[in-house]
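**Q** Dumping the structure here so I can ask a few things about it.
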Amino acid sequence: MSTNCNIIRQRFNAARAVRAQTILSKLVSTEDSVGNIRRVAGVDVSYVRIGELELGVGVVVLLDYPELKPHRCLYTVRRVCIPYIPGLLAFREMEVLAPVLAYTLHEENVDLLVVDGHGIAHPRGFGIASHLGLAFNKPSIGVAKNLLAGREEQVGDETYIVLSGRVVGVTLTTGQGKLYISPGHRVSVRTALQLVKSMLKPGSRLPEPTRLADMMCKELKSRWKRELPEVRECTVRSIRDLLDHQHPPAKST
């Protein structure tokens with residue numbers, strides 16, 4: 001482990017991080033200010049351990065909306081120094097995602113972030129989707145495969161996530177399991193649900209932005225070499241190759 005990583009570990013304080021989340025959660029808006037959406041970013045991070053070295057692979061996949069056509073893909077590989085602590089995962093993931101997302105937003109116009117993780121459906125109302133949305137002042141939605149905080153409550157046709165008497169998200173059951181959807185920043189619960197539904201393709205559990213980001217994370221992990229790029233292209237061609245491999249063309253008879 002590098003000296004810098006040791007310093008980060010020593011300086012990271014869980015109690016201060018909890019206080020920061022509590023304070024920053026008050027700045028999160030769940031009022032809709034999304035505007036016209038033409039470009040969506042799917043955001044995901046995955047981890048790989050090599051000996052004592054832990055690396056994070058952060059991917060941002062840009063798609064045209066509503067066509068859901070891949071436009072561009074960017075990634076970074078970075079050493080991860082902050083340990084995993086339940087409820088504080090966002091600080092660990094920001095180490096990886098902040099550089100690649102900052103680069104992406106400098107290069108491209110992005111109208112919405114769709115993040116693999118939670119937004120306000122979090123013990124302190126400040127999951128990774130809220131963290132990224134507030135940090136970059138972008139509308140954001142968290143889409144997770146597991147419930148982190150709160151309880152599910154059926155109201156009519158919808159199943160809401162309720163935490164401390166407040167609706168913080170909604171559960172969507174797909175053919176392959178449940179999704180836990182919550183606003184990150186500048187999006188309401190209702191709009192978050194509508195947008196995620198509009199990005200689900202038949203037979204998929206995940207909305208297309210995070211589905212492609214997840215696929216690319218796994219692909220990059222499988223062929224990672226020992227360089228640590230600041231930010232590099234994981235090309236749209238690579239995404240198309242993965243999709244072709246996943247759904248090979250039918251053989252003619």
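Chain lettering (A, B, ...) mirrors the order of the structure tokens, residue numbering begins at 1 for each chain separately, and ligand numbering begins at 1 in order of display.
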Can you tell me which residues surround Leu172 (chain A) at a distance of at most 10 Å, considering only C-alpha atoms, apart from same-chain residues fewer than 4 positions away, and format the answer as a ChimeraX atom specification?
**A** /A:143,158-160,177-181,193,196-197,205
**Q** Would you please extract all helix (DSSP H, G or I) residues from region 21-236 of chain A, as assigned by DSSP on the backbone, and give them as a ChimeraX atom specification?
**A** /A:21-25,89-107,128-136,189-198,208-222,236
**Q** Taking only C-alpha atoms into account, name the residue in A:Leu68, A:Val162, A:Val61, A:Ala98 that is nearest to Lys201 (chain A).
**A**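 Using only C-alpha atoms, Lys201 (chain A) sits closest to A:Leu68.
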**Q** Could you state the separation of CA of Leu24 (chain A) and CA of Gly125 (chain A) in Å, given to one decimal place?
**A**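 Distance between the two atoms: 9.0 Å.
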**Q** List as a PDB file with N, CA and C atoms, in the first residue's frame the protein and nucleic acid residues near region 135-138 of chain A, meaning an atom at most 12 Å away when only C-alpha atoms are counted, but skip any in the same chain fewer than 6 places from it.
**A**
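Result written to part16.pdb:
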```pdb
ATOM      1  N   LEU A  24     -24.978  17.361   4.649  1.00  0.00           N
ATOM      2  CA  LEU A  24     -25.143  17.480   3.200  1.00  0.00           C
ATOM      3  C   LEU A  24     -26.521  17.012   2.740  1.00  0.00           C
ATOM      4  N   SER A  25     -27.121  16.070   3.467  1.00  0.00           N
ATOM      5  CA  SER A  25     -28.450  15.592   3.075  1.00  0.00           C
ATOM      6  C   SER A  25     -29.485  16.708   3.085  1.00  0.00           C
ATOM      7  N   LEU A  27     -29.070  19.579   1.932  1.00  0.00           N
ATOM      8  CA  LEU A  27     -28.918  20.362   0.700  1.00  0.00           C
ATOM      9  C   LEU A  27     -29.507  19.648  -0.510  1.00  0.00           C
ATOM     10  N   VAL A  28     -29.880  18.392  -0.345  1.00  0.00           N
ATOM     11  CA  VAL A  28     -30.443  17.613  -1.448  1.00  0.00           C
ATOM     12  C   VAL A  28     -31.864  18.074  -1.746  1.00  0.00           C
ATOM     13  N   SER A  29     -32.172  18.214  -3.011  1.00  0.00           N
ATOM     14  CA  SER A  29     -33.532  18.598  -3.435  1.00  0.00           C
ATOM     15  C   SER A  29     -34.226  17.396  -4.067  1.00  0.00           C
ATOM     16  N   ASP A  32     -38.499  18.331  -8.744  1.00  0.00           N
ATOM     17  CA  ASP A  32     -38.077  18.077 -10.118  1.00  0.00           C
ATOM     18  C   ASP A  32     -37.485  19.328 -10.765  1.00  0.00           C
ATOM     19  N   SER A  33     -36.253  19.204 -11.215  1.00  0.00           N
ATOM     20  CA  SER A  33     -35.637  20.254 -12.039  1.00  0.00           C
ATOM     21  C   SER A  33     -34.754  19.575 -13.088  1.00  0.00           C
ATOM     22  N   VAL A  34     -35.359  18.600 -13.742  1.00  0.00           N
ATOM     23  CA  VAL A  34     -34.613  17.788 -14.701  1.00  0.00           C
ATOM     24  C   VAL A  34     -34.531  18.458 -16.063  1.00  0.00           C
ATOM     25  N   GLY A  35     -35.640  19.043 -16.521  1.00  0.00           N
ATOM     26  CA  GLY A  35     -35.636  19.664 -17.838  1.00  0.00           C
ATOM     27  C   GLY A  35     -35.695  18.627 -18.946  1.00  0.00           C
ATOM     28  N   ILE A  37     -34.414  15.926 -21.304  1.00  0.00           N
ATOM     29  CA  ILE A  37     -33.338  14.937 -21.212  1.00  0.00           C
ATOM     30  C   ILE A  37     -32.970  14.443 -22.606  1.00  0.00           C
ATOM     31  N   VAL A  40     -28.088  10.723 -21.049  1.00  0.00           N
ATOM     32  CA  VAL A  40     -28.106  10.107 -19.722  1.00  0.00           C
ATOM     33  C   VAL A  40     -26.768   9.416 -19.483  1.00  0.00           C
ATOM     34  N   ALA A  41     -26.285   9.491 -18.256  1.00  0.00           N
ATOM     35  CA  ALA A  41     -25.047   8.803 -17.893  1.00  0.00           C
ATOM     36  C   ALA A  41     -25.353   7.683 -16.917  1.00  0.00           C
ATOM     37  N   ALA A  90     -20.442   5.533  -0.065  1.00  0.00           N
ATOM     38  CA  ALA A  90     -20.314   6.624  -1.032  1.00  0.00           C
ATOM     39  C   ALA A  90     -18.938   7.273  -0.985  1.00  0.00           C
ATOM     40  N   PHE A  91     -18.352   7.412   0.200  1.00  0.00           N
ATOM     41  CA  PHE A  91     -17.024   8.033   0.302  1.00  0.00           C
ATOM     42  C   PHE A  91     -15.986   7.169  -0.406  1.00  0.00           C
ATOM     43  N   MET A  94     -16.637   7.491  -4.202  1.00  0.00           N
ATOM     44  CA  MET A  94     -16.279   8.809  -4.744  1.00  0.00           C
ATOM     45  C   MET A  94     -14.804   8.868  -5.112  1.00  0.00           C
ATOM     46  N   LEU A  97     -15.161   7.335  -8.649  1.00  0.00           N
ATOM     47  CA  LEU A  97     -16.101   7.906  -9.615  1.00  0.00           C
ATOM     48  C   LEU A  97     -15.907   9.401  -9.863  1.00  0.00           C
ATOM     49  N   ALA A  98     -15.481  10.145  -8.848  1.00  0.00           N
ATOM     50  CA  ALA A  98     -15.375  11.600  -9.015  1.00  0.00           C
ATOM     51  C   ALA A  98     -14.458  11.995 -10.171  1.00  0.00           C
ATOM     52  N   PRO A  99     -13.259  11.401 -10.319  1.00  0.00           N
ATOM     53  CA  PRO A  99     -12.382  11.825 -11.432  1.00  0.00           C
ATOM     54  C   PRO A  99     -12.975  11.538 -12.811  1.00  0.00           C
ATOM     55  N   LEU A 101     -16.148  11.049 -13.624  1.00  0.00           N
ATOM     56  CA  LEU A 101     -17.365  11.819 -13.874  1.00  0.00           C
ATOM     57  C   LEU A 101     -17.038  13.289 -14.116  1.00  0.00           C
ATOM     58  N   ALA A 102     -16.067  13.832 -13.393  1.00  0.00           N
ATOM     59  CA  ALA A 102     -15.649  15.215 -13.625  1.00  0.00           C
ATOM     60  C   ALA A 102     -15.143  15.390 -15.053  1.00  0.00           C
ATOM     61  N   TYR A 103     -14.337  14.459 -15.507  1.00  0.00           N
ATOM     62  CA  TYR A 103     -13.823  14.511 -16.879  1.00  0.00           C
ATOM     63  C   TYR A 103     -14.969  14.418 -17.884  1.00  0.00           C
ATOM     64  N   THR A 104     -15.894  13.497 -17.635  1.00  0.00           N
ATOM     65  CA  THR A 104     -17.024  13.302 -18.551  1.00  0.00           C
ATOM     66  C   THR A 104     -17.866  14.563 -18.665  1.00  0.00           C
ATOM     67  N   LEU A 105     -18.189  15.168 -17.537  1.00  0.00           N
ATOM     68  CA  LEU A 105     -19.054  16.346 -17.552  1.00  0.00           C
ATOM     69  C   LEU A 105     -18.357  17.555 -18.160  1.00  0.00           C
ATOM     70  N   HIS A 106     -17.030  17.565 -18.110  1.00  0.00           N
ATOM     71  CA  HIS A 106     -16.280  18.630 -18.793  1.00  0.00           C
ATOM     72  C   HIS A 106     -16.333  18.446 -20.303  1.00  0.00           C
ATOM     73  N   ASN A 109     -22.251  17.133 -22.557  1.00  0.00           N
ATOM     74  CA  ASN A 109     -23.468  17.597 -21.904  1.00  0.00           C
ATOM     75  C   ASN A 109     -24.237  16.379 -21.389  1.00  0.00           C
ATOM     76  N   VAL A 110     -24.500  16.355 -20.105  1.00  0.00           N
ATOM     77  CA  VAL A 110     -25.227  15.247 -19.482  1.00  0.00           C
ATOM     78  C   VAL A 110     -26.402  15.827 -18.707  1.00  0.00           C
ATOM     79  N   ASP A 111     -27.584  15.265 -18.932  1.00  0.00           N
ATOM     80  CA  ASP A 111     -28.799  15.797 -18.319  1.00  0.00           C
ATOM     81  C   ASP A 111     -29.241  15.026 -17.089  1.00  0.00           C
ATOM     82  N   LEU A 112     -28.794  13.779 -16.945  1.00  0.00           N
ATOM     83  CA  LEU A 112     -29.249  12.944 -15.837  1.00  0.00           C
ATOM     84  C   LEU A 112     -28.209  11.877 -15.537  1.00  0.00           C
ATOM     85  N   LEU A 113     -27.954  11.657 -14.236  1.00  0.00           N
ATOM     86  CA  LEU A 113     -27.084  10.575 -13.786  1.00  0.00           C
ATOM     87  C   LEU A 113     -27.952   9.447 -13.249  1.00  0.00           C
ATOM     88  N   VAL A 114     -27.720   8.236 -13.735  1.00  0.00           N
ATOM     89  CA  VAL A 114     -28.388   7.048 -13.202  1.00  0.00           C
ATOM     90  C   VAL A 114     -27.297   6.202 -12.559  1.00  0.00           C
ATOM     91  N   VAL A 115     -27.376   6.055 -11.247  1.00  0.00           N
ATOM     92  CA  VAL A 115     -26.257   5.528 -10.466  1.00  0.00           C
ATOM     93  C   VAL A 115     -26.619   4.174  -9.863  1.00  0.00           C
ATOM     94  N   PHE A 126     -28.405  10.160   2.236  1.00  0.00           N
ATOM     95  CA  PHE A 126     -27.323  10.669   1.411  1.00  0.00           C
ATOM     96  C   PHE A 126     -26.460   9.531   0.882  1.00  0.00           C
ATOM     97  N   ILE A 128     -24.841   7.258  -2.536  1.00  0.00           N
ATOM     98  CA  ILE A 128     -23.913   7.649  -3.593  1.00  0.00           C
ATOM     99  C   ILE A 128     -24.595   8.468  -4.688  1.00  0.00           C
ATOM    100  N   ALA A 129     -25.849   8.183  -5.017  1.00  0.00           N
ATOM    101  CA  ALA A 129     -26.530   8.953  -6.061  1.00  0.00           C
ATOM    102  C   ALA A 129     -26.748  10.396  -5.617  1.00  0.00           C
ATOM    103  N   PRO A 183     -34.684   8.991  -5.391  1.00  0.00           N
ATOM    104  CA  PRO A 183     -34.083  10.218  -5.915  1.00  0.00           C
ATOM    105  C   PRO A 183     -32.687  10.409  -5.360  1.00  0.00           C
ATOM    106  N   GLY A 184     -31.792  10.890  -6.213  1.00  0.00           N
ATOM    107  CA  GLY A 184     -30.476  11.292  -5.734  1.00  0.00           C
ATOM    108  C   GLY A 184     -30.487  12.773  -5.423  1.00  0.00           C
ATOM    109  N   HIS A 185     -30.787  13.581  -6.452  1.00  0.00           N
ATOM    110  CA  HIS A 185     -30.810  15.039  -6.305  1.00  0.00           C
ATOM    111  C   HIS A 185     -31.608  15.612  -7.475  1.00  0.00           C
ATOM    112  N   ARG A 186     -32.429  16.594  -7.199  1.00  0.00           N
ATOM    113  CA  ARG A 186     -33.185  17.349  -8.206  1.00  0.00           C
ATOM    114  C   ARG A 186     -34.183  16.479  -8.991  1.00  0.00           C
ATOM    115  N   VAL A 187     -34.639  15.392  -8.364  1.00  0.00           N
ATOM    116  CA  VAL A 187     -35.624  14.501  -8.969  1.00  0.00           C
ATOM    117  C   VAL A 187     -36.584  14.044  -7.871  1.00  0.00           C
TER     118      VAL A 187
END
```
**Q** Taking 3 positions as the minimum chain separation for residues in the same chain, which residues sit within 12 Å of Tyr75 (chain A) when counting only C-alpha atoms? Answer as a ChimeraX atom specification.
**A** /A:42-46,56-62,72,78,96-104,213-214,216-221,224,228-235
**Q** Give me, as a PyMOL selection string, the residues of region 2-243 of chain A that a backbone DSSP run labels strand (DSSP E).
**A** chain A and resi 39-50+53-64+69-79+112-116+140-144+151-155+158-163+166-174+177-185+232-233
